[in-house]
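The next block is data.cif, given as mmCIF, C-alpha atoms.
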data_final
#
loop_
_atom_site.label_atom_id
_atom_site.label_comp_id
_atom_site.auth_asym_id
_atom_site.auth_seq_id
_atom_site.Cartn_x
_atom_site.Cartn_y
_atom_site.Cartn_z
CA MET A 26 0.00 0.00 0.00
CA THR A 27 1.38 3.48 -0.92
CA ASP A 28 0.70 6.79 0.79
CA THR A 29 -1.44 7.97 -2.09
CA GLN A 30 -3.78 4.98 -1.89
CA PRO A 31 -7.02 5.90 -0.05
CA ALA A 32 -7.54 4.24 3.34
CA ARG A 33 -9.93 1.30 3.06
CA VAL A 34 -13.25 2.25 4.51
CA ARG A 35 -14.54 -0.27 7.04
CA PRO A 36 -18.31 -0.50 7.43
CA ALA A 37 -19.36 0.25 11.03
CA ARG A 38 -19.90 -2.97 12.97
CA ARG A 39 -23.10 -3.36 14.89
CA GLY A 40 -24.46 -5.46 17.72
CA PRO A 41 -23.23 -9.05 17.92
CA GLU A 42 -20.54 -8.59 15.27
CA ARG A 43 -19.05 -5.65 17.15
CA ARG A 44 -19.19 -7.56 20.44
CA GLU A 45 -17.39 -10.47 18.79
CA ALA A 46 -14.67 -8.22 17.35
CA ILE A 47 -14.11 -6.64 20.79
CA CYS A 48 -14.03 -10.03 22.57
CA ASP A 49 -11.57 -11.42 20.03
CA ALA A 50 -9.34 -8.34 20.39
CA VAL A 51 -9.33 -8.71 24.20
CA PHE A 52 -8.50 -12.43 24.04
CA GLU A 53 -5.68 -11.88 21.54
CA LEU A 54 -4.19 -9.05 23.59
CA LEU A 55 -4.37 -11.10 26.80
CA GLY A 56 -2.22 -13.70 25.06
CA GLU A 57 0.19 -11.19 23.56
CA VAL A 58 0.79 -8.65 26.32
CA GLY A 59 -1.03 -10.04 29.41
CA TYR A 60 -3.76 -8.48 31.57
CA ASP A 61 -1.71 -5.76 33.26
CA ARG A 62 -0.32 -4.31 30.03
CA MET A 63 -3.54 -4.59 28.01
CA THR A 64 -5.00 -1.09 27.53
CA MET A 65 -8.48 0.00 26.44
CA ASP A 66 -6.75 1.96 23.65
CA ALA A 67 -5.20 -1.21 22.27
CA VAL A 68 -8.52 -3.08 22.47
CA ALA A 69 -10.32 -0.24 20.65
CA ALA A 70 -7.64 -0.09 17.92
CA ARG A 71 -7.57 -3.87 17.41
CA ALA A 72 -11.38 -4.16 17.27
CA HIS A 73 -11.83 -1.03 15.13
CA ALA A 74 -14.23 0.30 17.75
CA SER A 75 -14.34 3.58 19.66
CA LYS A 76 -13.31 3.60 23.31
CA ALA A 77 -16.64 5.27 24.10
CA THR A 78 -18.48 2.26 22.65
CA ILE A 79 -16.44 -0.13 24.75
CA TYR A 80 -16.77 1.85 27.99
CA ARG A 81 -20.53 2.19 27.50
CA THR A 82 -21.02 -1.59 27.65
CA TRP A 83 -18.07 -2.66 29.82
CA PRO A 84 -17.14 0.19 32.18
CA ASP A 85 -14.29 -1.77 33.81
CA LYS A 86 -11.40 -3.83 32.47
CA PRO A 87 -12.38 -6.92 34.57
CA ASP A 88 -15.90 -6.84 33.01
CA LEU A 89 -14.40 -6.73 29.54
CA VAL A 90 -12.09 -9.66 30.29
CA ALA A 91 -14.98 -11.68 31.75
CA GLU A 92 -17.01 -11.02 28.61
CA ALA A 93 -14.11 -12.10 26.37
CA LEU A 94 -13.49 -15.31 28.38
CA THR A 95 -17.19 -16.20 28.37
CA HIS A 96 -17.36 -15.53 24.63
CA HIS A 97 -14.22 -17.58 23.95
CA PHE A 98 -14.92 -20.57 26.17
CA GLY A 99 -18.71 -20.45 25.67
CA GLY A 100 -19.82 -21.45 29.17
CA ALA A 101 -19.38 -24.92 30.64
CA PRO A 102 -18.56 -27.86 28.36
CA GLU A 103 -21.07 -30.71 28.25
CA ALA A 104 -20.67 -33.11 31.17
CA PRO A 105 -19.03 -36.42 30.21
CA ASP A 106 -21.38 -39.41 30.57
CA THR A 107 -19.29 -42.60 30.49
CA GLY A 108 -21.46 -44.67 32.81
CA THR A 109 -19.09 -44.65 35.81
CA LEU A 110 -17.86 -41.97 38.19
CA ARG A 111 -14.25 -42.95 37.46
CA GLY A 112 -14.81 -42.65 33.69
CA ASP A 113 -16.46 -39.25 34.06
CA LEU A 114 -13.68 -37.98 36.32
CA MET A 115 -10.99 -39.22 33.90
CA ALA A 116 -12.73 -37.44 31.01
CA LEU A 117 -13.04 -34.25 33.07
CA THR A 118 -9.39 -34.33 34.12
CA ASN A 119 -8.04 -35.16 30.67
CA PHE A 120 -10.09 -32.31 29.21
CA ALA A 121 -8.71 -29.87 31.81
CA CYS A 122 -5.13 -31.04 31.16
CA GLU A 123 -5.52 -30.53 27.40
CA MET A 124 -6.91 -27.06 28.01
CA CYS A 125 -4.03 -26.14 30.35
CA ASN A 126 -1.48 -27.32 27.78
CA SER A 127 -3.02 -25.27 24.96
CA ALA A 128 -2.53 -21.60 24.03
CA ASP A 129 -5.90 -20.92 25.72
CA GLY A 130 -4.46 -22.33 28.95
CA GLU A 131 -1.57 -19.88 28.73
CA VAL A 132 -4.00 -16.96 28.46
CA LEU A 133 -6.11 -18.26 31.35
CA ALA A 134 -3.04 -18.79 33.58
CA GLY A 135 -2.00 -15.19 32.89
CA VAL A 136 -5.44 -13.90 33.89
CA VAL A 137 -5.48 -16.06 37.05
CA THR A 138 -2.12 -14.73 38.26
CA ALA A 139 -3.20 -11.16 37.47
CA ALA A 140 -6.39 -11.82 39.47
CA ALA A 141 -4.34 -12.77 42.53
CA ARG A 142 -3.17 -9.15 42.63
CA ASN A 143 -6.51 -7.62 41.57
CA PRO A 144 -9.57 -8.45 43.71
CA ALA A 145 -12.10 -6.99 41.21
CA LEU A 146 -10.72 -9.18 38.42
CA GLY A 147 -10.68 -12.15 40.83
CA ARG A 148 -14.38 -11.79 41.66
CA THR A 149 -15.35 -11.44 38.01
CA LEU A 150 -13.20 -14.40 37.01
CA ARG A 151 -14.73 -16.64 39.67
CA GLU A 152 -18.23 -15.68 38.55
CA CYS A 153 -17.65 -16.20 34.85
CA VAL A 154 -15.28 -19.17 34.71
CA TYR A 155 -15.66 -21.18 37.91
CA GLU A 156 -19.34 -20.71 38.59
CA ALA A 157 -20.10 -21.77 35.01
CA LYS A 158 -18.36 -25.06 35.85
CA HIS A 159 -20.67 -25.65 38.81
CA ILE A 160 -23.37 -27.19 36.58
CA LEU A 161 -20.83 -29.58 35.08
CA HIS A 162 -19.73 -30.86 38.50
CA GLU A 163 -23.32 -31.03 39.76
CA THR A 164 -24.25 -33.21 36.75
CA ILE A 165 -21.34 -35.64 37.27
CA ILE A 166 -22.07 -35.99 41.00
CA GLY A 167 -25.85 -36.24 40.40
CA ARG A 168 -25.35 -39.23 38.06
CA ALA A 169 -22.96 -40.90 40.55
CA VAL A 170 -25.58 -40.47 43.31
CA LYS A 171 -28.18 -42.22 41.11
CA ARG A 172 -25.76 -45.12 40.53
CA GLY A 173 -25.14 -45.36 44.29
CA GLU A 174 -21.46 -44.50 43.89
CA VAL A 175 -21.52 -41.48 46.18
CA ASP A 176 -23.47 -40.35 49.25
CA PRO A 177 -26.64 -38.37 48.24
CA ASN A 178 -25.63 -35.65 50.72
CA LEU A 179 -22.27 -35.04 49.06
CA ASP A 180 -21.74 -31.39 48.13
CA PRO A 181 -20.74 -31.17 44.40
CA ASP A 182 -18.60 -28.15 45.31
CA LEU A 183 -16.17 -30.58 46.93
CA LEU A 184 -15.34 -31.96 43.46
CA HIS A 185 -14.95 -28.43 42.14
CA GLU A 186 -12.68 -27.31 45.00
CA VAL A 187 -10.33 -30.31 45.05
CA PHE A 188 -10.12 -30.73 41.27
CA HIS A 189 -9.60 -27.05 40.58
CA SER A 190 -6.96 -26.62 43.33
CA LEU A 191 -4.88 -29.56 42.11
CA VAL A 192 -4.90 -28.49 38.47
CA LEU A 193 -4.19 -24.86 39.37
CA ALA A 194 -1.21 -25.72 41.60
CA ARG A 195 0.20 -28.10 38.98
CA ARG A 196 -0.17 -25.44 36.26
CA LEU A 197 1.11 -22.45 38.19
CA GLU A 198 3.70 -23.90 40.51
CA THR A 199 5.29 -27.14 39.48
CA CYS A 200 6.90 -27.55 36.07
CA GLU A 201 5.59 -31.13 35.89
CA PRO A 202 3.44 -32.16 32.92
CA LEU A 203 -0.35 -32.15 32.90
CA ASP A 204 -0.65 -35.55 31.19
CA GLU A 205 -2.48 -38.90 31.35
CA ALA A 206 -0.34 -40.07 34.31
CA PHE A 207 -1.24 -36.94 36.26
CA ALA A 208 -4.93 -37.39 35.37
CA LYS A 209 -4.89 -41.00 36.70
CA HIS A 210 -3.13 -39.89 39.88
CA VAL A 211 -5.68 -37.11 40.49
CA VAL A 212 -8.65 -39.42 39.90
CA ASP A 213 -7.48 -42.62 41.66
CA ASP A 214 -5.38 -41.24 44.51
CA ILE A 215 -7.36 -38.13 45.36
CA LEU A 216 -10.79 -37.52 43.77
CA LEU A 217 -12.27 -41.03 44.15
CA PRO A 218 -11.22 -41.40 47.84
CA VAL A 219 -12.56 -37.89 48.64
CA LEU A 220 -15.88 -38.35 46.82
CA THR A 221 -16.69 -41.95 47.73
CA HIS A 222 -15.44 -42.40 51.31
CA SER A 223 -18.76 -41.44 52.93
CA ALA A 224 -20.71 -43.85 50.66
CA ARG A 225 -18.76 -46.88 51.89
CA MET B 19 18.73 16.39 60.08
CA THR B 20 20.01 19.50 58.28
CA ASP B 21 22.08 19.68 55.14
CA THR B 22 25.11 20.84 57.07
CA GLN B 23 25.10 17.81 59.40
CA PRO B 24 27.71 15.23 58.37
CA ALA B 25 26.41 11.88 57.09
CA ARG B 26 26.59 9.20 59.78
CA VAL B 27 29.40 6.82 59.03
CA ARG B 28 28.33 3.18 59.18
CA PRO B 29 30.96 0.60 59.99
CA ALA B 30 31.34 -1.97 57.20
CA ARG B 31 29.31 -5.11 57.92
CA ARG B 32 30.96 -8.45 57.59
CA GLY B 33 29.92 -12.07 57.12
CA PRO B 34 26.72 -13.15 58.87
CA GLU B 35 25.74 -9.63 59.87
CA ARG B 36 25.97 -8.44 56.27
CA ARG B 37 24.02 -11.48 55.04
CA GLU B 38 21.31 -10.73 57.60
CA ALA B 39 21.08 -7.08 56.57
CA ILE B 40 20.77 -8.08 52.91
CA CYS B 41 18.13 -10.75 53.63
CA ASP B 42 16.11 -8.32 55.76
CA ALA B 43 16.30 -5.69 53.02
CA VAL B 44 15.07 -8.18 50.40
CA PHE B 45 12.18 -9.36 52.59
CA GLU B 46 11.09 -5.79 53.40
CA LEU B 47 11.24 -4.76 49.74
CA LEU B 48 9.25 -7.83 48.64
CA GLY B 49 6.48 -6.68 51.01
CA GLU B 50 6.69 -3.04 49.95
CA VAL B 51 7.10 -3.14 46.17
CA GLY B 52 6.79 -6.83 45.17
CA TYR B 53 9.20 -9.10 43.32
CA ASP B 54 8.96 -7.54 39.87
CA ARG B 55 9.67 -4.00 41.03
CA MET B 56 12.40 -4.89 43.54
CA THR B 57 15.78 -3.82 42.15
CA MET B 58 19.30 -4.80 43.19
CA ASP B 59 19.97 -1.06 43.62
CA ALA B 60 17.19 -0.78 46.17
CA VAL B 61 18.44 -3.88 48.03
CA ALA B 62 22.00 -2.52 48.11
CA ALA B 63 20.82 0.89 49.35
CA ARG B 64 18.53 -0.58 52.04
CA ALA B 65 21.20 -3.01 53.30
CA HIS B 66 24.03 -0.45 53.08
CA ALA B 67 25.97 -2.93 50.94
CA SER B 68 27.60 -2.58 47.55
CA LYS B 69 25.90 -4.16 44.55
CA ALA B 70 29.20 -5.92 43.78
CA THR B 71 29.05 -7.64 47.19
CA ILE B 72 25.49 -8.82 46.57
CA TYR B 73 26.15 -10.05 43.01
CA ARG B 74 29.27 -11.94 44.15
CA THR B 75 27.22 -14.18 46.47
CA TRP B 76 23.84 -14.18 44.74
CA PRO B 77 24.30 -13.66 41.00
CA ASP B 78 20.56 -13.82 40.24
CA LYS B 79 17.51 -12.18 41.77
CA PRO B 80 15.76 -15.57 42.35
CA ASP B 81 18.78 -16.80 44.38
CA LEU B 82 18.64 -13.68 46.51
CA VAL B 83 14.91 -14.08 47.15
CA ALA B 84 15.40 -17.77 48.04
CA GLU B 85 18.12 -16.81 50.53
CA ALA B 86 15.89 -14.14 52.08
CA LEU B 87 12.91 -16.53 52.40
CA THR B 88 15.09 -19.28 53.92
CA HIS B 89 16.58 -16.76 56.34
CA HIS B 90 13.17 -15.36 57.29
CA PHE B 91 11.24 -18.60 57.65
CA GLY B 92 14.22 -20.61 58.93
CA GLY B 93 13.52 -23.93 57.20
CA ALA B 94 10.67 -26.25 58.11
CA PRO B 95 8.79 -25.76 61.39
CA GLU B 96 8.90 -28.65 63.88
CA ALA B 97 6.33 -31.35 63.04
CA PRO B 98 3.31 -31.33 65.37
CA ASP B 99 3.06 -34.46 67.54
CA THR B 100 -0.43 -34.65 69.02
CA GLY B 101 -0.72 -38.46 69.11
CA THR B 102 -3.23 -38.78 66.25
CA LEU B 103 -3.08 -38.16 62.50
CA ARG B 104 -6.16 -35.92 62.73
CA GLY B 105 -4.58 -33.85 65.51
CA ASP B 106 -1.33 -33.45 63.57
CA LEU B 107 -3.17 -32.46 60.37
CA MET B 108 -5.31 -29.91 62.25
CA ALA B 109 -2.16 -28.37 63.78
CA LEU B 110 -0.47 -28.29 60.36
CA THR B 111 -3.49 -26.68 58.68
CA ASN B 112 -4.11 -24.13 61.42
CA PHE B 113 -0.44 -23.14 61.30
CA ALA B 114 -0.58 -22.69 57.51
CA CYS B 115 -3.79 -20.61 57.77
CA GLU B 116 -2.21 -18.32 60.38
CA MET B 117 0.82 -17.88 58.16
CA CYS B 118 -1.33 -17.08 55.10
CA ASN B 119 -3.28 -14.47 57.09
CA SER B 120 -0.13 -12.72 58.34
CA ALA B 121 2.04 -10.07 56.69
CA ASP B 122 4.52 -12.88 55.88
CA GLY B 123 1.73 -14.64 53.94
CA GLU B 124 1.21 -11.50 51.88
CA VAL B 125 4.90 -11.44 50.92
CA LEU B 126 4.88 -15.15 50.08
CA ALA B 127 1.71 -14.86 47.94
CA GLY B 128 3.39 -12.04 45.99
CA VAL B 129 6.46 -14.19 45.35
CA VAL B 130 4.33 -17.20 44.31
CA THR B 131 2.37 -15.18 41.73
CA ALA B 132 5.60 -13.65 40.40
CA ALA B 133 7.02 -17.19 40.13
CA ALA B 134 4.12 -18.24 37.90
CA ARG B 135 5.50 -15.83 35.30
CA ASN B 136 9.17 -16.52 36.04
CA PRO B 137 10.39 -20.15 35.73
CA ALA B 138 13.80 -19.49 37.37
CA LEU B 139 12.12 -17.99 40.43
CA GLY B 140 9.62 -20.87 40.43
CA ARG B 141 12.35 -23.52 40.54
CA THR B 142 14.23 -21.73 43.31
CA LEU B 143 11.05 -21.20 45.31
CA ARG B 144 10.09 -24.88 45.09
CA GLU B 145 13.55 -25.92 46.25
CA CYS B 146 13.75 -23.55 49.18
CA VAL B 147 10.20 -23.39 50.48
CA TYR B 148 8.38 -26.54 49.42
CA GLU B 149 11.18 -29.05 49.57
CA ALA B 150 12.02 -27.84 53.09
CA LYS B 151 8.46 -28.85 54.04
CA HIS B 152 9.01 -32.39 52.79
CA ILE B 153 10.63 -33.47 56.10
CA LEU B 154 7.65 -32.11 58.01
CA HIS B 155 5.15 -34.15 55.96
CA GLU B 156 7.35 -37.25 56.06
CA THR B 157 7.47 -37.05 59.87
CA ILE B 158 3.67 -36.70 60.21
CA ILE B 159 3.02 -39.63 57.84
CA GLY B 160 5.80 -41.74 59.41
CA ARG B 161 4.19 -41.44 62.85
CA ALA B 162 0.74 -42.28 61.41
CA VAL B 163 2.21 -45.40 59.77
CA LYS B 164 3.59 -46.54 63.16
CA ARG B 165 0.15 -46.04 64.74
CA GLY B 166 -1.43 -48.08 61.91
CA GLU B 167 -3.50 -45.12 60.73
CA VAL B 168 -2.14 -45.12 57.17
CA ASP B 169 -0.79 -47.66 54.70
CA PRO B 170 3.03 -48.07 55.06
CA ASN B 171 3.35 -47.64 51.26
CA LEU B 172 1.68 -44.22 51.27
CA ASP B 173 3.83 -41.56 49.60
CA PRO B 174 4.19 -38.56 51.99
CA ASP B 175 4.27 -36.30 48.92
CA LEU B 176 0.54 -36.95 48.57
CA LEU B 177 -0.05 -34.98 51.79
CA HIS B 178 2.22 -32.22 50.51
CA GLU B 179 0.52 -32.01 47.11
CA VAL B 180 -3.10 -32.01 48.30
CA PHE B 181 -2.54 -29.79 51.32
CA HIS B 182 -0.44 -27.26 49.45
CA SER B 183 -2.82 -27.06 46.45
CA LEU B 184 -5.88 -26.46 48.62
CA VAL B 185 -4.25 -23.72 50.69
CA LEU B 186 -2.73 -22.07 47.61
CA ALA B 187 -6.04 -21.98 45.70
CA ARG B 188 -7.89 -20.64 48.75
CA ARG B 189 -5.25 -17.94 49.27
CA LEU B 190 -4.82 -16.87 45.64
CA GLU B 191 -8.24 -17.37 44.13
CA THR B 192 -11.16 -17.31 46.49
CA CYS B 193 -11.70 -14.42 48.87
CA GLU B 194 -12.95 -16.84 51.52
CA PRO B 195 -11.26 -16.88 54.94
CA LEU B 196 -8.47 -19.24 55.93
CA ASP B 197 -9.93 -20.00 59.35
CA GLU B 198 -10.72 -22.86 61.77
CA ALA B 199 -13.79 -23.91 59.73
CA PHE B 200 -11.66 -24.15 56.57
CA ALA B 201 -9.00 -26.14 58.48
CA LYS B 202 -11.65 -28.66 59.68
CA HIS B 203 -13.06 -28.96 56.16
CA VAL B 204 -9.60 -29.60 54.67
CA VAL B 205 -8.71 -32.22 57.29
CA ASP B 206 -12.03 -34.10 57.63
CA ASP B 207 -13.46 -33.85 54.12
CA ILE B 208 -10.27 -34.13 52.09
CA LEU B 209 -6.95 -35.01 53.79
CA LEU B 210 -8.15 -37.86 56.02
CA PRO B 211 -10.10 -39.63 53.22
CA VAL B 212 -7.13 -39.28 50.83
CA LEU B 213 -4.50 -40.46 53.33
CA THR B 214 -6.41 -43.25 55.08
CA HIS B 215 -8.53 -44.88 52.35
CA SER B 216 -5.91 -47.50 51.41
CA ALA B 217 -5.39 -48.50 55.08
CA ARG B 218 -9.06 -49.48 55.48
#
Serialized structure, structure tokens:
Amino acid sequence: MTDTQPARVRPARRGPERREAICDAVFELLGEVGYDRMTMDAVAARAHASKATIYRTWPDKPDLVAEALTHHFGGAPEAPDTGTLRGDLMALTNFACEMCNSADGEVLAGVVTAAARNPALGRTLRECVYEAKHILHETIIGRAVKRGEVDPNLDPDLLHEVFHSLVLARRLETCEPLDEAFAKHVVDDILLPVLTHSAR
Amino acid sequence: MTDTQPARVRPARRGPERREAICDAVFELLGEVGYDRMTMDAVAARAHASKATIYRTWPDKPDLVAEALTHHFGGAPEAPDTGTLRGDLMALTNFACEMCNSADGEVLAGVVTAAARNPALGRTLRECVYEAKHILHETIIGRAVKRGEVDPNLDPDLLHEVFHSLVLARRLETCEPLDEAFAKHVVDDILLPVLTHSAR
């Protein structure tokens, strides 16, 4: 392109298309520069949107990041239904390991560490990412209750808490791989004993 | 102090006293400005030491932080010995909760989140803080094996992994308190089932 060539005119984006462009810009920038260094100016430039438009819908940076994560990950994945609690837990853990090892996992790890230093981002992140997972864990535990594998009074949040803590610590702190061997260890040595001990 | 007053001459510090001054300076600065913004210049100024002296002994910033943490926390605390596995685990968990709630916990949380973005710091941190705890967990599990409360083949690292992950996630991610109720939940709902299930 030369200086004399006229700038290409972009048609104004509206509604869902504009939201998608903004969410994609946020997600890309989170991966490239991280939460702390991502500015509203950069988001606006990348999404070809005005800052006023962005601020009108998402007044705060944490809101914008929550929107982008929800858009990108699209709520909770469908609960695995293998016919046994062990099978469901293996599917859940393998899925989480794959996610952690992907480029998406890198972005999410960056947001989680930023959230540790930013309470507003932390609250938003818990609401949008972790609370969306609640239904998934409730479904897995509900099916196990029906099969008599776990106590009907078991709180599904216990699965969420233990599972999430183990994967988070492995991802953020140890340099050890999130692989099939780790998934088996989590399920057989930790999750199954925790979830089934009161049913025995 | 006025401009005309002569600067107070400090005697040069040697050996252990100098090491202590440097470690204290590092720990204070970690609390005040965090790992990323702590500079060797600031450490040297605070400790009244030359940068050359510091670099000679601790060529990298992670080494210096490891030294300061080891100096401050003084290795692993003595293992609790209450006569039961449950009693020992409650003492361990209450101690960790108190630490997390203190100013020291704030400094440590800052270093842990910095380590998630800095592999060299992460490796050093694991060696100095977590591996020092290994003896503590081995002692607790060893006593429980003698009392017949756990399987003699149980890997003490399982206690370390589960305990550490739960406390870390609670401290970094949820805004919920690290209190007596949390300690009871960790011990009764998670640690005891995980550690004792293969002995039953």
Polymer residues at most 12 Å from Arg168 in chain A, only C-alpha atoms, same-chain spacing of 6 or more positions, as an NGL selection string: :A and (104-114 or 161-162 or 174-177 or 181)
Name the residues that the PyMOL selection byres ((chain A) within 10 of (chain B)) pulls out of this structure, and write them as number ranges by chain. A: 134-135, 137-142, 144, 147-148, 150-151, 183, 186-200, 210-211, 213-223
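Computed from the coordinates, the CA of Ile160 in chain A to CA of Glu131 in chain A distance equals 24.3 Å.
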Could you list the residues chosen by the PyMOL selection byres ((chain A and resi 132) around 9) in this structure as a list in words?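 This file, filtered by the PyMOL selection byres ((chain A and resi 132) around 9), leaves Phe52, Glu53, Leu55, Gly56, Glu57, Gly59, Ala128, Asp129, Gly130, Glu131, Leu133, Ala134, Gly135, Val136 and Val137 of chain A.
Of note, CA of Glu92 in chain A and CA of Met124 in chain A are spaced 19.0 Å apart.
Separating CA of Pro102 in chain A from CA of Ala116 in chain A is a distance of 11.5 Å.
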Please expand the PyMOL selection byres ((chain B and resi 63-67) around 6) into the concrete residues it hits in this file, giving the result as a ChimeraX atom specification. /B:39-40,43,60-62,68
